[in-house]
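The file upload_22.cif contains mmCIF, C-alpha atoms:
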```cif
data_target
loop_
_atom_site.label_atom_id
_atom_site.label_comp_id
_atom_site.auth_asym_id
_atom_site.auth_seq_id
_atom_site.Cartn_x
_atom_site.Cartn_y
_atom_site.Cartn_z
CA MET A 1 15.79 102.99 140.46
CA SER A 2 15.98 104.46 143.94
CA HIS A 3 15.16 108.10 144.57
CA GLU A 4 18.80 108.79 145.38
CA LYS A 5 19.99 107.22 142.17
CA THR A 6 17.37 109.06 140.12
CA GLU A 7 18.50 112.29 141.65
CA PHE A 8 22.14 111.52 141.03
CA ALA A 9 21.40 110.44 137.44
CA GLU A 10 19.77 113.80 136.73
CA PHE A 11 22.67 115.67 138.27
CA PHE A 12 25.15 113.57 136.32
CA GLN A 13 23.42 114.05 132.97
CA THR A 14 23.07 117.81 133.32
CA SER A 15 26.46 118.44 134.89
CA TRP A 16 28.80 116.20 132.92
CA GLU A 17 29.54 118.63 130.11
CA PRO A 18 30.03 121.85 132.09
CA CYS A 19 32.22 120.04 134.59
CA LEU A 20 34.22 118.45 131.79
CA ARG A 21 34.79 121.81 130.08
CA ALA A 22 35.97 123.31 133.34
CA VAL A 23 38.50 120.55 133.84
CA VAL A 24 39.60 120.55 130.19
CA ALA A 25 40.49 124.20 130.64
CA SER A 26 42.81 123.21 133.46
CA THR A 27 44.35 120.04 132.10
CA GLY A 28 44.60 120.93 128.42
CA SER A 29 43.67 117.39 127.54
CA VAL A 30 40.15 116.21 126.83
CA GLN A 31 41.04 112.60 127.46
CA LEU A 32 42.74 113.24 130.76
CA ALA A 33 39.94 115.54 131.87
CA GLU A 34 37.39 112.94 130.86
CA ASP A 35 38.97 110.38 133.15
CA GLN A 36 39.34 112.82 136.03
CA VAL A 37 35.74 113.98 135.77
CA ALA A 38 34.49 110.39 135.56
CA GLU A 39 36.51 109.68 138.68
CA ALA A 40 35.06 112.73 140.42
CA PHE A 41 31.48 111.71 139.57
CA ALA A 42 32.20 108.22 140.88
CA ARG A 43 33.31 109.78 144.15
CA ALA A 44 30.29 112.05 144.12
CA TRP A 45 28.06 109.00 143.89
CA LEU A 46 29.97 107.41 146.72
CA SER A 47 29.31 110.51 148.87
CA TRP A 48 26.05 111.55 147.29
CA ARG A 49 24.24 112.18 150.57
CA LYS A 50 26.86 114.79 151.37
CA VAL A 51 27.34 116.16 147.87
CA ARG A 52 23.60 116.63 147.22
CA ARG A 53 23.47 119.04 150.14
CA HIS A 54 26.52 120.96 148.95
CA PRO A 55 25.68 124.54 147.90
CA ALA A 56 27.42 123.98 144.55
CA PRO A 57 27.61 120.26 143.73
CA ARG A 58 29.18 120.91 140.33
CA ALA A 59 31.94 122.86 142.02
CA TRP A 60 32.49 119.87 144.30
CA VAL A 61 32.92 117.64 141.24
CA VAL A 62 35.30 120.03 139.51
CA ARG A 63 37.39 120.49 142.60
CA THR A 64 37.57 116.75 143.18
CA ALA A 65 38.59 116.19 139.57
CA LEU A 66 41.26 118.88 139.74
CA ASN A 67 42.60 117.57 143.03
CA ALA A 68 42.83 114.07 141.62
CA GLY A 69 44.63 115.44 138.59
CA ALA A 70 46.94 117.60 140.67
CA SER A 71 48.15 114.67 142.74
CA TRP A 72 48.66 112.67 139.55
CA TRP A 73 50.66 115.52 138.00
CA ARG A 74 52.73 115.97 141.13
CA ARG A 75 53.74 112.33 140.93
CA ARG A 76 54.61 112.67 137.26
CA ILE A 77 56.67 115.79 137.79
CA ARG A 78 58.55 114.19 140.66
CA GLU A 79 59.25 110.99 138.83
CA LEU A 80 59.96 112.20 135.32
CA PRO A 81 63.10 114.11 134.47
CA LEU A 82 60.98 116.19 132.13
CA ALA A 83 59.58 118.54 134.72
CA GLY A 84 59.03 121.94 133.24
CA HIS A 85 58.90 120.68 129.69
CA ASP A 86 55.55 121.07 128.04
CA ALA A 87 56.39 118.03 125.97
CA ALA A 88 55.66 115.92 129.02
CA ALA A 89 52.09 117.08 129.09
CA PRO A 90 49.62 114.74 127.44
CA ARG A 91 47.87 116.59 124.68
CA ASP A 92 45.09 115.39 122.51
CA VAL A 93 45.99 115.43 118.87
CA ASP A 94 43.94 117.83 116.76
CA ASP A 95 41.76 118.60 119.69
CA GLY A 96 41.10 122.12 118.52
CA LEU A 97 42.27 123.70 121.73
CA ASP A 98 44.17 126.95 121.69
CA ALA A 99 47.65 125.87 122.69
CA ALA A 100 48.96 129.21 123.94
CA LEU A 101 45.87 129.97 125.97
CA LEU A 102 45.78 126.50 127.47
CA THR A 103 49.46 126.62 128.33
CA ALA A 104 48.83 129.91 130.07
CA LEU A 105 45.89 128.40 131.95
CA ARG A 106 47.95 125.41 132.98
CA HIS A 107 50.73 127.63 134.26
CA LEU A 108 48.43 129.57 136.54
CA PRO A 109 48.74 128.75 140.23
CA ASP A 110 46.27 126.05 141.30
CA ARG A 111 43.97 128.42 143.14
CA GLN A 112 43.77 130.91 140.28
CA ARG A 113 43.02 128.12 137.83
CA GLU A 114 40.33 126.80 140.11
CA VAL A 115 38.71 130.19 140.42
CA ILE A 116 38.72 130.57 136.63
CA ALA A 117 37.13 127.16 136.19
CA LEU A 118 34.38 127.87 138.69
CA ARG A 119 33.70 131.39 137.46
CA VAL A 120 33.88 130.85 133.72
CA PHE A 121 32.59 127.36 133.18
CA LEU A 122 30.19 126.88 136.07
CA ASP A 123 29.00 130.49 136.16
CA LEU A 124 29.34 130.67 139.91
CA ASP A 125 29.28 134.10 141.50
CA ILE A 126 32.09 135.41 143.66
CA ASP A 127 30.33 134.72 146.95
CA THR A 128 29.54 131.12 146.05
CA ILE A 129 33.11 130.52 144.93
CA ALA A 130 34.36 132.05 148.16
CA GLY A 131 32.07 129.83 150.22
CA HIS A 132 33.11 126.76 148.28
CA LEU A 133 36.81 127.45 148.61
CA GLY A 134 36.56 128.69 152.17
CA ILE A 135 38.20 132.02 151.42
CA ALA A 136 37.02 135.63 151.50
CA PRO A 137 35.21 137.08 148.48
CA GLY A 138 37.91 139.72 148.22
CA THR A 139 40.53 137.00 147.95
CA VAL A 140 38.56 135.38 145.14
CA ARG A 141 38.53 138.71 143.31
CA VAL A 142 42.29 139.00 143.71
CA HIS A 143 42.86 135.50 142.33
CA LEU A 144 40.52 136.22 139.44
CA SER A 145 42.16 139.52 138.65
CA ARG A 146 45.65 138.05 138.64
CA ALA A 147 44.54 135.17 136.45
CA VAL A 148 42.88 137.52 134.00
CA THR A 149 45.99 139.66 133.83
CA ALA A 150 48.09 136.61 133.02
CA LEU A 151 45.67 135.35 130.41
CA ARG A 152 45.02 138.70 128.76
CA HIS A 153 48.40 138.73 127.06
CA GLU A 154 48.02 135.20 125.73
CA LEU A 155 44.92 135.88 123.69
CA SER A 156 45.60 135.81 119.99
CA PRO A 157 44.66 138.95 118.01
CA SER A 158 41.60 137.20 116.56
CA GLN A 159 40.45 136.07 120.00
CA ALA A 160 41.01 139.56 121.32
CA MET A 161 38.91 141.00 118.50
CA GLU A 162 36.10 138.54 119.19
CA ALA A 163 36.30 139.21 122.89
CA GLY A 164 36.52 142.95 122.48
CA MET B 165 52.45 137.52 123.86
CA ASN B 166 50.04 140.16 122.56
CA ASP B 167 49.13 143.67 123.54
CA ASN B 168 45.57 143.19 124.73
CA SER B 169 45.77 145.68 127.53
CA GLU B 170 42.58 147.34 126.34
CA LEU B 171 40.50 144.26 126.97
CA THR B 172 38.21 144.32 129.96
CA ASP B 173 38.27 141.50 132.46
CA SER B 174 34.92 140.21 131.31
CA ALA B 175 36.13 140.22 127.69
CA VAL B 176 39.10 138.08 128.67
CA LEU B 177 36.90 135.65 130.58
CA SER B 178 34.51 135.55 127.65
CA ALA B 179 37.39 134.68 125.31
CA VAL B 180 38.52 131.90 127.62
CA ARG B 181 34.98 130.54 127.73
CA HIS B 182 34.69 130.80 123.97
CA SER B 183 37.97 128.95 123.40
CA ILE B 184 36.64 125.90 125.19
CA SER B 185 32.93 126.09 124.45
CA GLY B 186 33.42 125.49 120.74
CA LEU B 187 35.17 122.25 121.41
CA PRO B 188 33.05 119.12 121.05
CA MET B 189 33.02 117.21 124.31
CA PRO B 190 32.76 113.44 124.57
CA ALA B 191 29.35 112.20 125.57
CA ALA B 192 28.81 111.33 129.19
CA PRO B 193 29.64 107.74 130.03
CA ARG B 194 26.86 105.44 131.08
CA LEU B 195 25.60 106.08 134.55
CA GLU B 196 26.21 102.44 135.42
CA ALA B 197 29.90 102.84 134.63
CA ILE B 198 30.13 105.72 137.09
CA THR B 199 28.22 104.03 139.88
CA ALA B 200 30.23 100.84 139.37
CA ARG B 201 33.42 102.85 139.70
CA GLY B 202 32.05 104.36 142.92
CA ARG B 203 31.23 100.92 144.25
CA ALA B 204 34.74 99.76 143.40
CA HIS B 205 36.07 102.64 145.50
CA ARG B 206 33.87 101.59 148.37
CA ARG B 207 35.08 98.01 148.15
CA ARG B 208 38.69 99.10 148.12
CA ARG B 209 38.03 101.39 151.04
CA LEU B 210 36.44 98.56 152.99
CA GLY B 211 39.02 96.05 151.85
CA GLY B 212 36.28 93.71 150.73
CA LEU B 213 36.27 91.28 147.87
CA SER B 214 32.68 91.26 146.84
CA ILE B 215 31.88 90.59 143.22
CA ALA B 216 31.90 93.58 140.90
CA GLY B 217 28.53 95.01 140.06
CA ALA B 218 27.00 93.33 137.09
CA GLY B 219 25.64 96.67 136.01
CA ALA B 220 29.10 97.81 135.05
CA CYS B 221 28.55 96.05 131.79
CA ALA B 222 26.46 93.21 130.66
CA ALA B 223 29.31 92.09 128.50
CA LEU B 224 31.78 91.53 131.27
CA VAL B 225 33.76 88.49 130.44
CA ALA B 226 33.56 85.38 132.47
CA GLY B 227 35.95 85.24 135.26
CA LEU B 228 36.69 83.27 138.26
CA ALA B 229 34.97 83.77 141.51
CA GLY B 230 37.01 83.32 144.59
CA GLY B 231 38.76 84.62 147.57
CA GLY B 232 41.73 86.79 148.20
CA GLY B 233 45.41 86.50 147.52
CA SER B 234 48.19 88.98 147.93
CA ALA B 235 47.97 91.87 145.57
CA GLY B 236 50.51 92.21 142.82
CA PRO B 237 52.71 95.18 142.09
CA ALA B 238 50.91 98.49 142.04
CA PRO B 239 50.49 100.11 138.64
CA ARG B 240 53.31 102.42 137.74
CA HIS B 241 51.52 105.74 137.78
CA HIS B 242 54.40 107.49 136.11
CA ALA B 243 54.12 105.39 132.99
CA ALA B 244 53.35 107.72 130.13
CA PRO B 245 49.97 107.37 128.51
CA VAL B 246 50.07 105.45 125.26
CA HIS B 247 47.93 106.79 122.44
CA LEU B 248 48.07 104.86 119.20
CA ALA B 249 45.57 104.58 116.40
CA ALA B 250 44.72 101.02 117.36
CA PHE B 251 44.64 101.34 121.13
CA SER B 252 45.42 103.50 124.10
CA VAL B 253 46.52 102.78 127.65
CA VAL B 254 46.09 105.47 130.29
CA THR B 255 46.50 105.12 134.04
CA GLY B 256 44.42 107.59 135.99
CA PRO B 257 45.04 109.23 139.33
CA ASP B 258 43.26 106.43 141.17
CA GLY B 259 45.59 103.81 139.72
CA ALA B 260 42.97 102.39 137.39
CA THR B 261 44.24 101.77 133.88
CA THR B 262 41.95 102.26 130.93
CA LEU B 263 42.64 100.15 127.88
CA THR B 264 40.78 101.36 124.80
CA LEU B 265 40.75 99.25 121.67
CA ASN B 266 39.81 100.63 118.27
CA TRP B 267 38.36 97.84 116.23
CA GLY B 268 38.76 99.84 113.05
CA GLN B 269 42.53 99.38 113.24
CA VAL B 270 44.70 96.28 113.27
CA ILE B 271 45.58 95.71 116.91
CA ASN B 272 49.04 94.32 117.60
CA PRO B 273 48.75 92.05 120.65
CA ASN B 274 52.44 92.37 121.53
CA ALA B 275 52.19 96.15 121.52
CA VAL B 276 49.16 96.01 123.81
CA ARG B 277 50.95 93.59 126.12
CA GLN B 278 54.02 95.83 126.31
CA ALA B 279 51.96 98.96 126.95
CA LEU B 280 50.05 97.22 129.73
CA ALA B 281 53.31 95.93 131.22
CA ASP B 282 54.64 99.49 131.25
CA HIS B 283 51.58 100.42 133.30
CA GLY B 284 52.24 97.62 135.77
CA ILE B 285 49.72 95.14 134.40
CA PRO B 286 51.05 91.67 133.61
CA ALA B 287 49.03 90.42 130.67
CA LEU B 288 48.92 87.79 128.00
CA VAL B 289 47.35 89.28 124.90
CA THR B 290 46.36 87.03 122.03
CA ALA B 291 44.68 87.71 118.71
CA GLY B 292 42.42 85.04 117.29
CA GLU B 293 42.66 82.74 120.29
CA PHE B 294 41.61 82.71 123.91
CA CYS B 295 43.97 81.26 126.47
CA ARG B 296 43.43 79.99 129.99
CA THR B 297 45.28 77.86 132.50
CA ALA B 298 43.93 74.78 134.20
CA ASP B 299 44.12 76.40 137.61
CA GLN B 300 42.20 79.60 137.54
CA PRO B 301 43.39 81.86 140.29
CA PRO B 302 41.32 84.19 142.45
CA PRO B 303 40.01 86.85 142.56
CA GLY B 304 37.23 86.96 140.01
CA VAL B 305 38.19 88.78 136.86
CA GLY B 306 35.24 91.04 137.59
CA GLU B 307 37.32 92.47 140.41
CA VAL B 308 40.15 93.26 138.04
CA ALA B 309 38.55 94.41 134.78
CA VAL B 310 35.24 95.98 133.92
CA PHE B 311 33.92 97.27 130.67
CA ALA B 312 33.33 100.86 131.51
CA GLY B 313 34.61 104.33 130.98
CA PRO B 314 33.84 107.29 128.88
CA HIS B 315 34.72 105.63 125.61
CA PHE B 316 32.65 102.56 126.19
CA LEU B 317 30.87 101.41 123.13
CA PRO B 318 29.61 97.89 122.66
CA ILE B 319 31.84 95.89 120.41
CA GLY B 320 30.80 96.22 116.83
CA SER B 321 28.05 98.79 116.93
CA PRO B 322 27.66 98.63 113.15
CA ASN B 323 26.41 101.76 111.42
CA SER B 324 26.67 103.71 114.62
CA GLY B 325 28.53 106.47 112.84
CA ARG B 326 31.24 106.29 115.49
CA PRO B 327 34.35 104.18 115.42
CA ALA B 328 33.75 100.88 117.10
CA GLY B 329 35.78 100.68 120.24
CA THR B 330 35.91 99.09 123.63
CA ALA B 331 37.13 100.66 126.83
CA VAL B 332 38.05 98.45 129.74
CA VAL B 333 39.10 99.68 133.15
CA ILE B 334 41.76 97.44 134.68
CA TYR B 335 42.67 97.57 138.35
CA GLY B 336 46.24 96.31 138.17
CA SER B 337 46.77 96.49 141.93
CA LYS B 338 44.17 93.76 142.33
CA ILE B 339 46.06 91.24 140.25
CA PRO B 340 47.80 88.90 142.71
CA ARG B 341 51.46 88.07 142.36
CA GLY B 342 52.06 85.21 139.94
CA VAL B 343 48.84 85.93 138.11
CA GLU B 344 48.34 87.51 134.71
CA LEU B 345 45.37 88.94 132.91
CA SER B 346 44.65 86.99 129.74
CA ILE B 347 43.07 89.09 127.01
CA GLY B 348 41.97 87.34 123.86
CA TYR B 349 40.23 88.97 120.96
CA ARG B 350 39.11 88.31 117.42
CA GLN B 351 38.97 91.11 114.89
CA ASP B 352 36.85 89.43 112.25
CA PRO B 353 34.39 92.24 111.44
CA ARG B 354 31.59 89.69 111.14
CA ASN B 355 32.35 88.17 114.49
CA ARG B 356 34.28 90.39 116.85
CA GLU B 357 34.91 88.97 120.27
CA ILE B 358 36.93 89.83 123.31
CA SER B 359 37.44 87.82 126.46
CA PHE B 360 39.24 88.38 129.73
CA SER B 361 40.33 85.90 132.34
CA LEU B 362 42.99 85.48 134.98
CA ILE B 363 45.71 82.89 134.51
CA GLN B 364 48.62 81.52 136.51
CA ALA B 365 51.85 82.94 135.13
CA GLY B 366 54.07 80.23 133.65
CA ALA B 367 51.44 77.50 133.84
CA PRO B 368 50.59 75.49 130.71
CA LEU B 369 48.08 77.29 128.57
CA THR B 370 45.03 75.94 126.86
CA CYS B 371 44.17 78.14 123.90
CA THR B 372 41.06 77.76 121.81
CA SER B 373 39.53 79.64 118.93
CA ILE B 374 36.42 80.37 120.92
CA PRO B 375 36.19 81.82 124.42
CA ASP B 376 35.16 79.62 127.29
CA SER B 377 31.52 79.62 128.22
CA GLY B 378 30.35 82.59 130.16
CA PRO B 379 29.65 86.18 129.32
CA HIS B 380 31.99 87.87 126.95
CA GLY B 381 31.79 90.66 124.46
CA ASN B 382 30.90 89.87 120.91
CA ASP B 383 28.91 91.24 118.00
#
```
Show how you would write the structure in this file as structure tokens.
Amino acid sequence: MSHEKTEFAEFFQTSWEPCLRAVVASTGSVQLAEDQVAEAFARAWLSWRKVRRHPAPRAWVVRTALNAGASWWRRRIRELPLAGHDAAAPRDVDDGLDAALLTALRHLPDRQREVIALRVFLDLDIDTIAGHLGIAPGTVRVHLSRAVTALRHELSPSQAMEAG
Amino acid sequence: MNDNSELTDSAVLSAVRHSISGLPMPAAPRLEAITARGRAHRRRRLGGLSIAGAGACAALVAGLAGGGGSAGPAPRHHAAPVHLAAFSVVTGPDGATTLTLNWGQVINPNAVRQALADHGIPALVTAGEFCRTADQPPPGVGEVAVFAGPHFLPIGSPNSGRPAGTAVVIYGSKIPRGVELSIGYRQDPRNREISFSLIQAGAPLTCTSIPDSGPHGND
């Protein structure tokens, strides 16, 4: 195995799960997220020389996965007369996800959802997120704050107790 | 909606993390499946027709090597994903369609064929027999279908503790006009087999109880 492939293999093995969780939080579907993340890793391998030098390669994967999913969703929404109906969203049966919280996540604007994914599931700090997204750290804080405000009211009482 | 106004921002983020972190995630797919998918991207980008990487899966079914041919209709991305107990068909954002078969359930070939057709993939699906046409059209089936994907599990996998299943990624846009993907399988638990090939639509079929020579998936 070449050095490049060994390096990529290590990155892939250690990053698959956190990247998948980040994308699941956005898509609300494990199966859909799984395919999007697999696609993103395939593209990462294709551009590995560039991605390996990225300051946050996992963020690159998550963003690629979300972008791929976003374009797919845009096509669906345009072509299906079900736009706006949650019933159109693919959901995994008995997947154990909190429906209200995930619906709230999915309804966040793209940028807010992306900031949440990077902050919560990849543990990136504000400056790294800002650098990755090409926006000011203050703007990241604003996106995060607005997302948190929207999500705060969707937490169930038991979740709120655990969180509090 | 709940009154959680007392919660700090970090408590909210912690709750969001907690809501997902308890969820079991599927295992990572094989590295070879990912790199093969990357190579497929590169080939499409370059417009080449090189043979699919053998590393995608050792069990890739025998196909036909050959040249080009005009591509068939693009997969219909808007087709809704199909999730049934016996199989699922999902077309991803890159146009690749993943067919997942659950060998623990009785698989209805007509239902699989219809689901694939809805996703823009013309297919002949047969249970218990394997069909081909005399003229085997290009490109190689390795360009069109590879065993890969997150759910990949070798056929059978007895006592694995997981349901036996097979995931195959199908690139419907690479199927030329007038060509169909022939999928034959046998569900005998002592001798499961699956075989893929490309056939000329409408041409006389030769169907046998065993797949043609060449690599194919079996127990």
Next on the checklist: Here's the selection I'm unsure about, the PyMOL selection byres ((chain B) within 9 of (chain A)); applied to the file above, which residues does it give, as an NGL selection string?
Outcome noted: :B and (165-193 or 195 or 197-203 or 205-206 or 241-245 or 254 or 256-258 or 262 or 313-314)
Take the residues just selected and output them with C-alpha atoms as a PDB file, in the frame of the given file.
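This went into result.pdb:
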```pdb
ATOM      1  CA  MET B 165      52.450 137.520 123.860  1.00  0.00           C
ATOM      2  CA  ASN B 166      50.040 140.160 122.560  1.00  0.00           C
ATOM      3  CA  ASP B 167      49.130 143.670 123.540  1.00  0.00           C
ATOM      4  CA  ASN B 168      45.570 143.190 124.730  1.00  0.00           C
ATOM      5  CA  SER B 169      45.770 145.680 127.530  1.00  0.00           C
ATOM      6  CA  GLU B 170      42.580 147.340 126.340  1.00  0.00           C
ATOM      7  CA  LEU B 171      40.500 144.260 126.970  1.00  0.00           C
ATOM      8  CA  THR B 172      38.210 144.320 129.960  1.00  0.00           C
ATOM      9  CA  ASP B 173      38.270 141.500 132.460  1.00  0.00           C
ATOM     10  CA  SER B 174      34.920 140.210 131.310  1.00  0.00           C
ATOM     11  CA  ALA B 175      36.130 140.220 127.690  1.00  0.00           C
ATOM     12  CA  VAL B 176      39.100 138.080 128.670  1.00  0.00           C
ATOM     13  CA  LEU B 177      36.900 135.650 130.580  1.00  0.00           C
ATOM     14  CA  SER B 178      34.510 135.550 127.650  1.00  0.00           C
ATOM     15  CA  ALA B 179      37.390 134.680 125.310  1.00  0.00           C
ATOM     16  CA  VAL B 180      38.520 131.900 127.620  1.00  0.00           C
ATOM     17  CA  ARG B 181      34.980 130.540 127.730  1.00  0.00           C
ATOM     18  CA  HIS B 182      34.690 130.800 123.970  1.00  0.00           C
ATOM     19  CA  SER B 183      37.970 128.950 123.400  1.00  0.00           C
ATOM     20  CA  ILE B 184      36.640 125.900 125.190  1.00  0.00           C
ATOM     21  CA  SER B 185      32.930 126.090 124.450  1.00  0.00           C
ATOM     22  CA  GLY B 186      33.420 125.490 120.740  1.00  0.00           C
ATOM     23  CA  LEU B 187      35.170 122.250 121.410  1.00  0.00           C
ATOM     24  CA  PRO B 188      33.050 119.120 121.050  1.00  0.00           C
ATOM     25  CA  MET B 189      33.020 117.210 124.310  1.00  0.00           C
ATOM     26  CA  PRO B 190      32.760 113.440 124.570  1.00  0.00           C
ATOM     27  CA  ALA B 191      29.350 112.200 125.570  1.00  0.00           C
ATOM     28  CA  ALA B 192      28.810 111.330 129.190  1.00  0.00           C
ATOM     29  CA  PRO B 193      29.640 107.740 130.030  1.00  0.00           C
ATOM     30  CA  LEU B 195      25.600 106.080 134.550  1.00  0.00           C
ATOM     31  CA  ALA B 197      29.900 102.840 134.630  1.00  0.00           C
ATOM     32  CA  ILE B 198      30.130 105.720 137.090  1.00  0.00           C
ATOM     33  CA  THR B 199      28.220 104.030 139.880  1.00  0.00           C
ATOM     34  CA  ALA B 200      30.230 100.840 139.370  1.00  0.00           C
ATOM     35  CA  ARG B 201      33.420 102.850 139.700  1.00  0.00           C
ATOM     36  CA  GLY B 202      32.050 104.360 142.920  1.00  0.00           C
ATOM     37  CA  ARG B 203      31.230 100.920 144.250  1.00  0.00           C
ATOM     38  CA  HIS B 205      36.070 102.640 145.500  1.00  0.00           C
ATOM     39  CA  ARG B 206      33.870 101.590 148.370  1.00  0.00           C
ATOM     40  CA  HIS B 241      51.520 105.740 137.780  1.00  0.00           C
ATOM     41  CA  HIS B 242      54.400 107.490 136.110  1.00  0.00           C
ATOM     42  CA  ALA B 243      54.120 105.390 132.990  1.00  0.00           C
ATOM     43  CA  ALA B 244      53.350 107.720 130.130  1.00  0.00           C
ATOM     44  CA  PRO B 245      49.970 107.370 128.510  1.00  0.00           C
ATOM     45  CA  VAL B 254      46.090 105.470 130.290  1.00  0.00           C
ATOM     46  CA  GLY B 256      44.420 107.590 135.990  1.00  0.00           C
ATOM     47  CA  PRO B 257      45.040 109.230 139.330  1.00  0.00           C
ATOM     48  CA  ASP B 258      43.260 106.430 141.170  1.00  0.00           C
ATOM     49  CA  THR B 262      41.950 102.260 130.930  1.00  0.00           C
ATOM     50  CA  GLY B 313      34.610 104.330 130.980  1.00  0.00           C
ATOM     51  CA  PRO B 314      33.840 107.290 128.880  1.00  0.00           C
TER      52      PRO B 314
END
```
Checklist entry - So which residues touch region 128-142 of chain A within 9 Å, counting only C-alpha atoms, skipping near sequence neighbours fewer than 6 positions away, as number ranges by chain? => result A: 54-56, 59-60, 112, 115, 118-119
Item to check | Pairwise distance for CA of Ile339 (chain B) and CA of Gly306 (chain B), rounded to one decimal in Å | outcome: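 Between CA of Ile339 (chain B) and CA of Gly306 (chain B) the gap is 11.1 Å.
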Item to check | Gap from CA of Ile358 (chain B) to CA of Leu265 (chain B) - Å, one decimal | outcome: 10.3 Å
Item to check | Residue list as a list in words for point (51.9, 86.1, 119.0), cut-off 10 Å, all atoms listed in the file | outcome: Asn272, Pro273, Asn274, Leu288, Val289, Thr290, Ala291, Gly292 and Glu293 of chain B
Incomplete region 265-277 of chain B brought to N, CA and C atoms, written out as a PDB file, keeping the file's coordinate frame:
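Saved as part.pdb:
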```pdb
ATOM      1  N   LEU B 265      40.413  99.908 122.929  1.00  0.00           N
ATOM      2  CA  LEU B 265      40.750  99.250 121.670  1.00  0.00           C
ATOM      3  C   LEU B 265      39.892  99.828 120.549  1.00  0.00           C
ATOM      4  N   ASN B 266      40.527 100.118 119.441  1.00  0.00           N
ATOM      5  CA  ASN B 266      39.810 100.630 118.270  1.00  0.00           C
ATOM      6  C   ASN B 266      39.718  99.514 117.245  1.00  0.00           C
ATOM      7  N   TRP B 267      38.521  99.006 117.089  1.00  0.00           N
ATOM      8  CA  TRP B 267      38.360  97.840 116.230  1.00  0.00           C
ATOM      9  C   TRP B 267      38.506  98.181 114.750  1.00  0.00           C
ATOM     10  N   GLY B 268      38.572  99.450 114.450  1.00  0.00           N
ATOM     11  CA  GLY B 268      38.760  99.840 113.050  1.00  0.00           C
ATOM     12  C   GLY B 268      40.213  99.754 112.612  1.00  0.00           C
ATOM     13  N   GLN B 269      41.104  99.473 113.543  1.00  0.00           N
ATOM     14  CA  GLN B 269      42.530  99.380 113.240  1.00  0.00           C
ATOM     15  C   GLN B 269      43.026  97.964 113.563  1.00  0.00           C
ATOM     16  N   VAL B 270      44.118  97.584 112.939  1.00  0.00           N
ATOM     17  CA  VAL B 270      44.700  96.280 113.270  1.00  0.00           C
ATOM     18  C   VAL B 270      45.426  96.419 114.611  1.00  0.00           C
ATOM     19  N   ILE B 271      45.029  95.600 115.548  1.00  0.00           N
ATOM     20  CA  ILE B 271      45.580  95.710 116.910  1.00  0.00           C
ATOM     21  C   ILE B 271      46.710  94.698 117.076  1.00  0.00           C
ATOM     22  N   ASN B 272      47.877  95.187 117.407  1.00  0.00           N
ATOM     23  CA  ASN B 272      49.040  94.320 117.600  1.00  0.00           C
ATOM     24  C   ASN B 272      49.047  93.830 119.051  1.00  0.00           C
ATOM     25  N   PRO B 273      48.850  92.541 119.267  1.00  0.00           N
ATOM     26  CA  PRO B 273      48.750  92.050 120.650  1.00  0.00           C
ATOM     27  C   PRO B 273      50.025  92.284 121.462  1.00  0.00           C
ATOM     28  N   ASN B 274      51.180  92.170 120.790  1.00  0.00           N
ATOM     29  CA  ASN B 274      52.440  92.370 121.530  1.00  0.00           C
ATOM     30  C   ASN B 274      52.579  93.826 121.990  1.00  0.00           C
ATOM     31  N   ALA B 275      52.122  94.736 121.138  1.00  0.00           N
ATOM     32  CA  ALA B 275      52.190  96.150 121.520  1.00  0.00           C
ATOM     33  C   ALA B 275      51.265  96.435 122.697  1.00  0.00           C
ATOM     34  N   VAL B 276      50.098  95.827 122.682  1.00  0.00           N
ATOM     35  CA  VAL B 276      49.160  96.010 123.810  1.00  0.00           C
ATOM     36  C   VAL B 276      49.772  95.431 125.083  1.00  0.00           C
ATOM     37  N   ARG B 277      50.353  94.226 124.948  1.00  0.00           N
ATOM     38  CA  ARG B 277      50.950  93.590 126.120  1.00  0.00           C
ATOM     39  C   ARG B 277      52.060  94.457 126.708  1.00  0.00           C
TER      40      ARG B 277
END
```
